[in-house]
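Enquirer: Okay, so here is work30.cif, and as you'll see once you scroll down, it has mmCIF, C-alpha atoms.
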```cif
data_entry
#
loop_
_atom_site.group_PDB
_atom_site.id
_atom_site.type_symbol
_atom_site.label_atom_id
_atom_site.label_comp_id
_atom_site.auth_asym_id
_atom_site.auth_seq_id
_atom_site.Cartn_x
_atom_site.Cartn_y
_atom_site.Cartn_z
ATOM 1 C CA MET A 1 -49.574 -22.792 16.868
ATOM 2 C CA LYS A 2 -48.265 -19.256 17.358
ATOM 3 C CA THR A 3 -46.114 -20.467 20.251
ATOM 4 C CA LYS A 4 -44.600 -23.182 18.048
ATOM 5 C CA LYS A 5 -43.764 -20.661 15.269
ATOM 6 C CA PHE A 6 -42.313 -18.295 17.853
ATOM 7 C CA ALA A 7 -40.122 -21.075 19.301
ATOM 8 C CA VAL A 8 -38.858 -22.047 15.810
ATOM 9 C CA ALA A 9 -38.101 -18.398 14.981
ATOM 10 C CA LEU A 10 -36.342 -17.916 18.301
ATOM 11 C CA ALA A 11 -34.236 -21.056 17.703
ATOM 12 C CA ALA A 12 -33.313 -19.820 14.201
ATOM 13 C CA VAL A 13 -32.253 -16.428 15.560
ATOM 14 C CA ALA A 14 -30.207 -18.132 18.274
ATOM 15 C CA MET A 15 -28.453 -20.324 15.671
ATOM 16 C CA LEU A 16 -27.686 -17.312 13.481
ATOM 17 C CA PHE A 17 -26.362 -15.399 16.464
ATOM 18 C CA THR A 18 -24.173 -18.328 17.525
ATOM 19 C CA ALA A 19 -22.870 -18.885 13.989
ATOM 20 C CA SER A 20 -22.143 -15.222 13.440
ATOM 21 C CA CYS A 21 -20.330 -14.918 16.770
ATOM 22 C CA GLY A 22 -18.176 -17.906 15.900
ATOM 23 C CA GLY A 23 -17.396 -16.402 12.496
ATOM 24 C CA ASN A 24 -16.487 -13.054 14.034
ATOM 25 C CA LYS A 25 -14.120 -14.713 16.483
ATOM 26 C CA LYS A 26 -12.271 -16.373 13.623
ATOM 27 C CA ALA A 27 -12.108 -13.081 11.699
ATOM 28 C CA GLU A 28 -10.921 -11.327 14.857
ATOM 29 C CA THR A 29 -8.299 -14.045 15.411
ATOM 30 C CA ASP A 30 -7.087 -13.793 11.789
ATOM 31 C CA ALA A 31 -6.906 -9.993 12.054
ATOM 32 C CA ALA A 32 -5.033 -10.228 15.351
ATOM 33 C CA GLN A 33 -2.556 -12.699 13.856
ATOM 34 C CA ALA A 34 -1.971 -10.443 10.828
ATOM 35 C CA GLU A 35 -1.478 -7.463 13.146
ATOM 36 C CA ALA A 36 0.946 -9.470 15.302
ATOM 37 C CA VAL A 37 2.991 -10.318 12.197
ATOM 38 C CA GLN A 38 3.092 -6.641 11.301
ATOM 39 C CA ASP A 39 4.059 -5.595 14.838
ATOM 40 C CA SER A 40 6.795 -8.204 15.230
ATOM 41 C CA VAL A 41 10.261 -7.819 13.757
ATOM 42 C CA MET A 42 10.507 -10.087 10.723
ATOM 43 C CA GLU A 43 13.292 -11.611 8.706
ATOM 44 C CA VAL A 44 13.494 -11.097 4.944
ATOM 45 C CA GLU A 45 12.203 -14.622 4.262
ATOM 46 C CA GLU A 46 9.121 -14.015 6.414
ATOM 47 C CA VAL A 47 8.317 -10.727 4.673
ATOM 48 C CA LEU A 48 8.652 -12.300 1.222
ATOM 49 C CA ALA A 49 6.657 -15.417 2.195
ATOM 50 C CA ASN A 50 3.748 -13.255 3.422
ATOM 51 C CA ALA A 51 4.190 -10.387 0.964
ATOM 52 C CA ASP A 52 0.773 -10.701 -0.723
ATOM 53 C CA SER A 53 -1.027 -10.115 2.578
ATOM 54 C CA LEU A 54 1.388 -7.420 3.793
ATOM 55 C CA VAL A 55 1.340 -5.071 0.770
ATOM 56 C CA GLY A 56 0.399 -1.572 1.890
ATOM 57 C CA LYS A 57 0.991 -2.393 5.545
ATOM 58 C CA THR A 58 3.757 -1.359 7.924
ATOM 59 C CA VAL A 59 6.440 -3.997 8.436
ATOM 60 C CA LYS A 60 9.495 -4.173 10.666
ATOM 61 C CA VAL A 61 12.514 -5.985 9.232
ATOM 62 C CA GLU A 62 15.888 -6.841 10.716
ATOM 63 C CA ALA A 63 18.515 -8.151 8.313
ATOM 64 C CA ILE A 64 22.032 -7.753 6.984
ATOM 65 C CA CYS A 65 22.470 -4.899 4.547
ATOM 66 C CA PHE A 66 24.722 -6.212 1.805
ATOM 67 C CA HIS A 67 24.497 -3.214 -0.531
ATOM 68 C CA VAL A 68 23.881 0.528 -0.344
ATOM 69 C CA CYS A 69 23.483 2.011 -3.819
ATOM 70 C CA GLN A 70 26.280 4.468 -4.498
ATOM 71 C CA HIS A 71 24.169 6.835 -6.578
ATOM 72 C CA GLY A 72 22.403 8.953 -3.979
ATOM 73 C CA GLN A 73 22.263 6.226 -1.301
ATOM 74 C CA LYS A 74 18.460 6.070 -1.770
ATOM 75 C CA LYS A 75 18.334 2.269 -1.985
ATOM 76 C CA MET A 76 19.737 -0.573 0.046
ATOM 77 C CA HIS A 77 19.356 -4.310 -0.226
ATOM 78 C CA LEU A 78 18.760 -6.539 2.765
ATOM 79 C CA MET A 79 19.696 -10.213 2.605
ATOM 80 C CA GLY A 80 17.914 -13.018 4.368
ATOM 81 C CA ASN A 81 19.482 -16.039 6.042
ATOM 82 C CA ASP A 82 19.071 -17.618 2.609
ATOM 83 C CA SER A 83 21.354 -15.403 0.507
ATOM 84 C CA THR A 84 18.986 -15.719 -2.473
ATOM 85 C CA LYS A 85 16.231 -13.897 -0.547
ATOM 86 C CA ILE A 86 16.745 -10.166 -1.106
ATOM 87 C CA LEU A 87 14.532 -7.241 -0.107
ATOM 88 C CA LEU A 88 14.958 -3.780 -1.603
ATOM 89 C CA VAL A 89 14.475 -0.853 0.774
ATOM 90 C CA MET A 90 13.896 2.699 -0.468
ATOM 91 C CA ALA A 91 14.963 5.653 1.702
ATOM 92 C CA PRO A 92 12.323 8.002 3.108
ATOM 93 C CA GLU A 93 11.737 11.228 1.170
ATOM 94 C CA GLY A 94 14.611 13.646 1.813
ATOM 95 C CA ASP A 95 16.758 10.994 3.524
ATOM 96 C CA LYS A 96 19.473 8.589 2.465
ATOM 97 C CA PHE A 97 21.071 5.440 3.812
ATOM 98 C CA LYS A 98 24.487 5.497 5.443
ATOM 99 C CA GLU A 99 27.335 3.718 3.691
ATOM 100 C CA GLU A 100 28.209 2.237 7.106
ATOM 101 C CA TYR A 101 25.042 0.107 6.893
ATOM 102 C CA LYS A 102 26.795 -2.159 4.414
ATOM 103 C CA ASN A 103 27.622 -5.528 6.045
ATOM 104 C CA SER A 104 25.752 -4.505 9.212
ATOM 105 C CA ILE A 105 22.492 -5.652 10.759
ATOM 106 C CA VAL A 106 19.905 -2.981 10.013
ATOM 107 C CA ASP A 107 16.457 -2.392 11.494
ATOM 108 C CA VAL A 108 13.904 -0.953 9.081
ATOM 109 C CA GLU A 109 10.289 0.010 9.594
ATOM 110 C CA GLY A 110 8.253 0.992 6.569
ATOM 111 C CA THR A 111 5.465 0.202 4.141
ATOM 112 C CA LEU A 112 5.702 -2.925 2.006
ATOM 113 C CA MET A 113 4.973 -2.166 -1.642
ATOM 114 C CA GLU A 114 4.568 -4.303 -4.764
ATOM 115 C CA SER A 115 5.849 -3.520 -8.227
ATOM 116 C CA ARG A 116 4.344 -5.633 -10.992
ATOM 117 C CA VAL A 117 6.140 -6.339 -14.245
ATOM 118 C CA ASP A 118 4.030 -7.631 -17.114
ATOM 119 C CA GLU A 119 4.421 -7.863 -20.886
ATOM 120 C CA ALA A 120 3.408 -4.211 -21.388
ATOM 121 C CA ALA A 121 6.108 -3.071 -18.957
ATOM 122 C CA LEU A 122 8.708 -5.185 -20.739
ATOM 123 C CA ALA A 123 7.669 -3.808 -24.136
ATOM 124 C CA GLU A 124 7.952 -0.259 -22.776
ATOM 125 C CA ARG A 125 11.382 -1.053 -21.394
ATOM 126 C CA GLU A 126 12.501 -2.367 -24.761
ATOM 127 C CA ALA A 127 11.274 0.826 -26.412
ATOM 128 C CA ASN A 128 13.398 2.897 -24.019
ATOM 129 C CA ILE A 129 16.430 0.605 -23.985
ATOM 130 C CA LYS A 130 18.831 3.066 -25.639
ATOM 131 C CA ALA A 131 18.055 5.849 -23.173
ATOM 132 C CA GLN A 132 18.411 3.452 -20.246
ATOM 133 C CA GLN A 133 21.767 2.174 -21.429
ATOM 134 C CA LYS A 134 23.064 5.735 -21.656
ATOM 135 C CA GLU A 135 21.762 6.541 -18.156
ATOM 136 C CA GLU A 136 23.178 3.348 -16.624
ATOM 137 C CA LYS A 137 26.620 4.108 -18.034
ATOM 138 C CA GLN A 138 26.433 7.578 -16.470
ATOM 139 C CA HIS A 139 25.626 5.999 -13.091
ATOM 140 C CA GLY A 140 28.675 3.752 -13.234
ATOM 141 C CA HIS A 141 26.806 0.520 -13.859
ATOM 142 C CA GLY A 142 27.397 -1.957 -16.602
ATOM 143 C CA GLU A 143 24.908 -2.466 -19.405
ATOM 144 C CA GLY A 144 22.820 -4.819 -17.280
ATOM 145 C CA GLY A 145 22.498 -2.508 -14.271
ATOM 146 C CA CYS A 146 23.318 -2.824 -10.596
ATOM 147 C CA ASP A 147 24.306 -6.342 -9.527
ATOM 148 C CA ALA A 148 22.333 -6.047 -6.264
ATOM 149 C CA SER A 149 19.163 -5.061 -8.166
ATOM 150 C CA LYS A 150 19.612 -7.979 -10.542
ATOM 151 C CA LYS A 151 19.998 -10.348 -7.582
ATOM 152 C CA ALA A 152 16.875 -8.921 -5.902
ATOM 153 C CA LYS A 153 14.862 -9.519 -9.075
ATOM 154 C CA GLY A 154 16.223 -13.026 -9.493
ATOM 155 C CA VAL A 155 17.747 -12.337 -12.912
ATOM 156 C CA LYS A 156 21.192 -13.535 -13.885
ATOM 157 C CA SER A 157 21.590 -11.994 -17.331
ATOM 158 C CA ASN A 158 24.163 -9.275 -17.889
ATOM 159 C CA THR A 159 22.497 -7.323 -20.685
ATOM 160 C CA ILE A 160 19.168 -5.552 -20.544
ATOM 161 C CA ALA A 161 17.923 -7.462 -23.596
ATOM 162 C CA ASP A 162 18.805 -10.777 -21.935
ATOM 163 C CA GLN A 163 17.161 -9.663 -18.676
ATOM 164 C CA ILE A 164 13.937 -8.841 -20.538
ATOM 165 C CA ALA A 165 13.979 -12.248 -22.214
ATOM 166 C CA GLU A 166 14.600 -13.905 -18.835
ATOM 167 C CA GLN A 167 11.715 -11.980 -17.238
ATOM 168 C CA ARG A 168 9.390 -12.966 -20.108
ATOM 169 C CA LYS A 169 10.233 -16.595 -19.428
ATOM 170 C CA MET A 170 9.607 -16.090 -15.678
ATOM 171 C CA ILE A 171 6.208 -14.478 -16.449
ATOM 172 C CA LYS A 172 5.176 -17.443 -18.626
ATOM 173 C CA GLU A 173 6.226 -19.893 -15.914
ATOM 174 C CA ARG A 174 4.290 -17.985 -13.235
ATOM 175 C CA GLU A 175 1.212 -17.727 -15.435
ATOM 176 C CA ALA A 176 1.274 -21.479 -16.049
ATOM 177 C CA LYS A 177 1.792 -22.237 -12.350
ATOM 178 C CA GLU A 178 -0.308 -19.541 -10.613
ATOM 179 C CA GLY A 179 -2.432 -17.957 -13.336
ATOM 180 C CA LYS A 180 -0.697 -14.584 -12.845
ATOM 181 C CA ALA A 181 0.724 -12.997 -16.007
ATOM 182 C CA TYR A 182 3.136 -10.730 -14.159
ATOM 183 C CA LEU A 183 6.096 -10.790 -11.815
ATOM 184 C CA SER A 184 5.818 -9.284 -8.343
ATOM 185 C CA TYR A 185 8.778 -7.448 -6.880
ATOM 186 C CA TYR A 186 8.367 -6.387 -3.279
ATOM 187 C CA TYR A 187 10.154 -3.518 -1.590
ATOM 188 C CA VAL A 188 9.888 -1.451 1.566
ATOM 189 C CA VAL A 189 9.559 2.335 1.622
ATOM 190 C CA ALA A 190 11.345 3.049 4.885
ATOM 191 C CA LYS A 191 9.935 5.318 7.562
ATOM 192 C CA THR A 192 12.784 4.631 10.000
ATOM 193 C CA HIS A 193 16.119 2.856 9.689
ATOM 194 C CA ALA A 194 19.128 2.263 11.923
ATOM 195 C CA ALA A 195 22.128 -0.032 12.176
ATOM 196 C CA LYS A 196 22.411 -2.225 15.265
#
```
Would you mind writing the file's structure down as structure tokens?
Expert:
Amino acid sequence: MKTKKFAVALAAVAMLFTASCGGNKKAETDAAQAEAVQDSVMEVEEVLANADSLVGKTVKVEAICFHVCQHGQKKMHLMGNDSTKILLVMAPEGDKFKEEYKNSIVDVEGTLMESRVDEAALAEREANIKAQQKEEKQHGHGEGGCDASKKAKGVKSNTIADQIAEQRKMIKEREAKEGKAYLSYYYVVAKTHAAK
């Protein structure tokens, strides 16, 4: 009887060991694939398509820079093969982007970050709208802000009030579709950057 119980216990342990090894291989494979994505040079579309899983991780991107912000050159916008796919890149601390990057292929390595915009953020923006309008005019932008930033956020409106209304509509649509009551804007904080 003891031999039978021992054999059953041994079989159970063997099954657990086999199952856990199989599970670990899949987890190891998934981790290796995620690491390979991070280590490979990606296009803008690939970064945006996998953004949820890449937030906080180092990414390498190669794309056409279509805009370097004139005020301080701390931001640039990279465009994908699909011109509607835009990725904002922030310069490293104490650095700035070269104006020559504009209309060139640029290699960037940095950390992918997410900025979430929800109803509270929109309400706060409305409360500060007068101060923002004054600041934007000082920076040489129109009332609605930088055209490249508007394109990156997928908004078409020219006034801040219209942009807020458009973002509210986008939040409602996303909540209905995905259950998320916020918009996600992804950007890269560059560690290195260079034109090809």
Enquirer: Could you spell out the hits of the PyMOL selection byres ((chain A and resi 48) around 12) on the shown file, as a ChimeraX atom specification?
Expert: /A:42-47,49-55,59,61,78-80,82,84-88,112-114,152,184-188
Enquirer: Apply the PyMOL selection byres ((chain A and resi 102) around 7) to the displayed file and report the matching residues as a ChimeraX atom specification.
Expert: /A:65-68,99-101,103-104
Enquirer: So, counting only C-alpha atoms, which residue among A:Ser40, A:Ser149, A:Thr159, A:Ser115 is closest to Thr58 of chain A?
Expert: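 Smallest distance to Thr58 of chain A is found for A:Ser40.
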Enquirer: For atom CA of Lys60 of chain A and atom CA of Val108 of chain A, determine how far apart the two atoms are, in Å to one decimal place.
Expert: 5.7 Å
Enquirer: Translate the PyMOL selection byres ((chain A and resi 121-125) around 10) into a concrete residue list for this structure, as an MDAnalysis selection string.
Expert: chainID A and resid 116:120 126:132 160:161 163:165 167:168 182
Enquirer: Residues as selected, C-alpha atoms, written as a PDB file, in the frame of the given file, can you do that?
Expert:
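Generated output (out_22.pdb):
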```
ATOM      1  CA  ARG A 116       4.344  -5.633 -10.992  1.00  0.00           C
ATOM      2  CA  VAL A 117       6.140  -6.339 -14.245  1.00  0.00           C
ATOM      3  CA  ASP A 118       4.030  -7.631 -17.114  1.00  0.00           C
ATOM      4  CA  GLU A 119       4.421  -7.863 -20.886  1.00  0.00           C
ATOM      5  CA  ALA A 120       3.408  -4.211 -21.388  1.00  0.00           C
ATOM      6  CA  GLU A 126      12.501  -2.367 -24.761  1.00  0.00           C
ATOM      7  CA  ALA A 127      11.274   0.826 -26.412  1.00  0.00           C
ATOM      8  CA  ASN A 128      13.398   2.897 -24.019  1.00  0.00           C
ATOM      9  CA  ILE A 129      16.430   0.605 -23.985  1.00  0.00           C
ATOM     10  CA  LYS A 130      18.831   3.066 -25.639  1.00  0.00           C
ATOM     11  CA  ALA A 131      18.055   5.849 -23.173  1.00  0.00           C
ATOM     12  CA  GLN A 132      18.411   3.452 -20.246  1.00  0.00           C
ATOM     13  CA  ILE A 160      19.168  -5.552 -20.544  1.00  0.00           C
ATOM     14  CA  ALA A 161      17.923  -7.462 -23.596  1.00  0.00           C
ATOM     15  CA  GLN A 163      17.161  -9.663 -18.676  1.00  0.00           C
ATOM     16  CA  ILE A 164      13.937  -8.841 -20.538  1.00  0.00           C
ATOM     17  CA  ALA A 165      13.979 -12.248 -22.214  1.00  0.00           C
ATOM     18  CA  GLN A 167      11.715 -11.980 -17.238  1.00  0.00           C
ATOM     19  CA  ARG A 168       9.390 -12.966 -20.108  1.00  0.00           C
ATOM     20  CA  TYR A 182       3.136 -10.730 -14.159  1.00  0.00           C
TER      21      TYR A 182
END
```
Enquirer: May I ask for the distance between atom CA of Lys196 of chain A and atom CA of Gly154 of chain A, given in Å to one decimal place?
Expert: 27.7 Å
Enquirer: I'd like the contact shell of Ala190 of chain A - 7 Å cut-off, all atoms listed in the file, skipping same-chain residues fewer than 6 positions apart - returned as a count of residues only.
Expert: 8
Enquirer: Between atom CA of Asp39 of chain A and atom CA of Ala194 of chain A, measure the distance and give it in Å to one decimal.
Expert: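 Value for the atom CA of Asp39 of chain A-atom CA of Ala194 of chain A distance: 17.2 Å.
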Enquirer: Considering all atoms listed in the file, state which residue in the set A:Asp107, A:Glu166, A:Glu173, A:Glu62 is at the smallest distance from Lys191 of chain A.
Expert: A:Asp107
Enquirer: Would you please work out which residue, of A:Val41, A:Leu183, A:Ala63, A:Val189, is nearest to Lys96 of chain A when using all atoms listed in the file?
Expert: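 For Lys96 of chain A, the nearest of the given residues is A:Val189.
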Enquirer: Tell me which residues come within 9 Å of (17.9, 7.6, -0.7), as JSON, numbers by chain, counting all atoms listed in the file in the file's coordinates.
Expert: {"A": [69, 71, 72, 73, 74, 75, 76, 90, 91, 92, 93, 94, 95, 96, 97]}
Enquirer: Could I see segment 45-65 of chain A restored to N, CA, C and O atoms, set down as an mmCIF file, in the coordinates of the input?
Expert:
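This is the output file part.cif:
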```
data_model
loop_
_atom_site.group_PDB
_atom_site.id
_atom_site.type_symbol
_atom_site.label_atom_id
_atom_site.label_comp_id
_atom_site.auth_asym_id
_atom_site.auth_seq_id
_atom_site.Cartn_x
_atom_site.Cartn_y
_atom_site.Cartn_z
ATOM 1 N N GLU A 45 12.966 -13.476 4.761
ATOM 2 C CA GLU A 45 12.203 -14.622 4.262
ATOM 3 C C GLU A 45 10.739 -14.539 4.681
ATOM 4 O O GLU A 45 9.848 -14.866 3.900
ATOM 5 N N GLU A 46 10.487 -14.110 5.911
ATOM 6 C CA GLU A 46 9.121 -14.015 6.414
ATOM 7 C C GLU A 46 8.331 -12.936 5.679
ATOM 8 O O GLU A 46 7.170 -13.129 5.333
ATOM 9 N N VAL A 47 8.982 -11.806 5.424
ATOM 10 C CA VAL A 47 8.317 -10.727 4.673
ATOM 11 C C VAL A 47 7.950 -11.223 3.280
ATOM 12 O O VAL A 47 6.812 -11.064 2.824
ATOM 13 N N LEU A 48 8.902 -11.844 2.591
ATOM 14 C CA LEU A 48 8.652 -12.300 1.222
ATOM 15 C C LEU A 48 7.615 -13.422 1.173
ATOM 16 O O LEU A 48 6.790 -13.474 0.257
ATOM 17 N N ALA A 49 7.620 -14.313 2.163
ATOM 18 C CA ALA A 49 6.657 -15.417 2.195
ATOM 19 C C ALA A 49 5.232 -14.922 2.415
ATOM 20 O O ALA A 49 4.277 -15.539 1.951
ATOM 21 N N ASN A 50 5.072 -13.802 3.112
ATOM 22 C CA ASN A 50 3.748 -13.255 3.422
ATOM 23 C C ASN A 50 3.467 -11.963 2.660
ATOM 24 O O ASN A 50 2.526 -11.235 3.006
ATOM 25 N N ALA A 51 4.245 -11.684 1.649
ATOM 26 C CA ALA A 51 4.190 -10.387 0.964
ATOM 27 C C ALA A 51 2.801 -10.040 0.438
ATOM 28 O O ALA A 51 2.356 -8.893 0.587
ATOM 29 N N ASP A 52 2.099 -10.997 -0.170
ATOM 30 C CA ASP A 52 0.773 -10.701 -0.723
ATOM 31 C C ASP A 52 -0.156 -10.092 0.316
ATOM 32 O O ASP A 52 -0.898 -9.160 0.024
ATOM 33 N N SER A 53 -0.117 -10.599 1.537
ATOM 34 C CA SER A 53 -1.027 -10.115 2.578
ATOM 35 C C SER A 53 -0.483 -8.887 3.307
ATOM 36 O O SER A 53 -1.210 -8.250 4.067
ATOM 37 N N LEU A 54 0.782 -8.549 3.086
ATOM 38 C CA LEU A 54 1.388 -7.420 3.793
ATOM 39 C C LEU A 54 1.506 -6.152 2.945
ATOM 40 O O LEU A 54 1.883 -5.102 3.470
ATOM 41 N N VAL A 55 1.210 -6.241 1.653
ATOM 42 C CA VAL A 55 1.340 -5.071 0.770
ATOM 43 C C VAL A 55 0.478 -3.926 1.299
ATOM 44 O O VAL A 55 -0.681 -4.109 1.645
ATOM 45 N N GLY A 56 1.097 -2.755 1.404
ATOM 46 C CA GLY A 56 0.399 -1.572 1.890
ATOM 47 C C GLY A 56 0.399 -1.434 3.402
ATOM 48 O O GLY A 56 -0.103 -0.450 3.932
ATOM 49 N N LYS A 57 0.978 -2.411 4.084
ATOM 50 C CA LYS A 57 0.991 -2.393 5.545
ATOM 51 C C LYS A 57 2.404 -2.087 6.056
ATOM 52 O O LYS A 57 3.387 -2.286 5.356
ATOM 53 N N THR A 58 2.473 -1.634 7.292
ATOM 54 C CA THR A 58 3.757 -1.359 7.924
ATOM 55 C C THR A 58 4.401 -2.663 8.371
ATOM 56 O O THR A 58 3.746 -3.500 8.989
ATOM 57 N N VAL A 59 5.677 -2.821 8.035
ATOM 58 C CA VAL A 59 6.440 -3.997 8.436
ATOM 59 C C VAL A 59 7.719 -3.541 9.132
ATOM 60 O O VAL A 59 8.209 -2.445 8.896
ATOM 61 N N LYS A 60 8.217 -4.401 9.998
ATOM 62 C CA LYS A 60 9.495 -4.173 10.666
ATOM 63 C C LYS A 60 10.408 -5.317 10.262
ATOM 64 O O LYS A 60 10.047 -6.485 10.409
ATOM 65 N N VAL A 61 11.584 -4.977 9.739
ATOM 66 C CA VAL A 61 12.514 -5.985 9.232
ATOM 67 C C VAL A 61 13.878 -5.770 9.873
ATOM 68 O O VAL A 61 14.337 -4.637 10.011
ATOM 69 N N GLU A 62 14.515 -6.877 10.231
ATOM 70 C CA GLU A 62 15.888 -6.841 10.716
ATOM 71 C C GLU A 62 16.682 -7.809 9.852
ATOM 72 O O GLU A 62 16.333 -8.983 9.750
ATOM 73 N N ALA A 63 17.735 -7.302 9.212
ATOM 74 C CA ALA A 63 18.515 -8.151 8.313
ATOM 75 C C ALA A 63 19.871 -7.506 8.044
ATOM 76 O O ALA A 63 20.106 -6.344 8.386
ATOM 77 N N ILE A 64 20.718 -8.262 7.374
ATOM 78 C CA ILE A 64 22.032 -7.753 6.984
ATOM 79 C C ILE A 64 21.884 -6.936 5.708
ATOM 80 O O ILE A 64 21.307 -7.397 4.721
ATOM 81 N N CYS A 65 22.414 -5.732 5.745
ATOM 82 C CA CYS A 65 22.470 -4.899 4.547
ATOM 83 C C CYS A 65 23.724 -5.318 3.783
ATOM 84 O O CYS A 65 24.833 -5.226 4.308
#
```
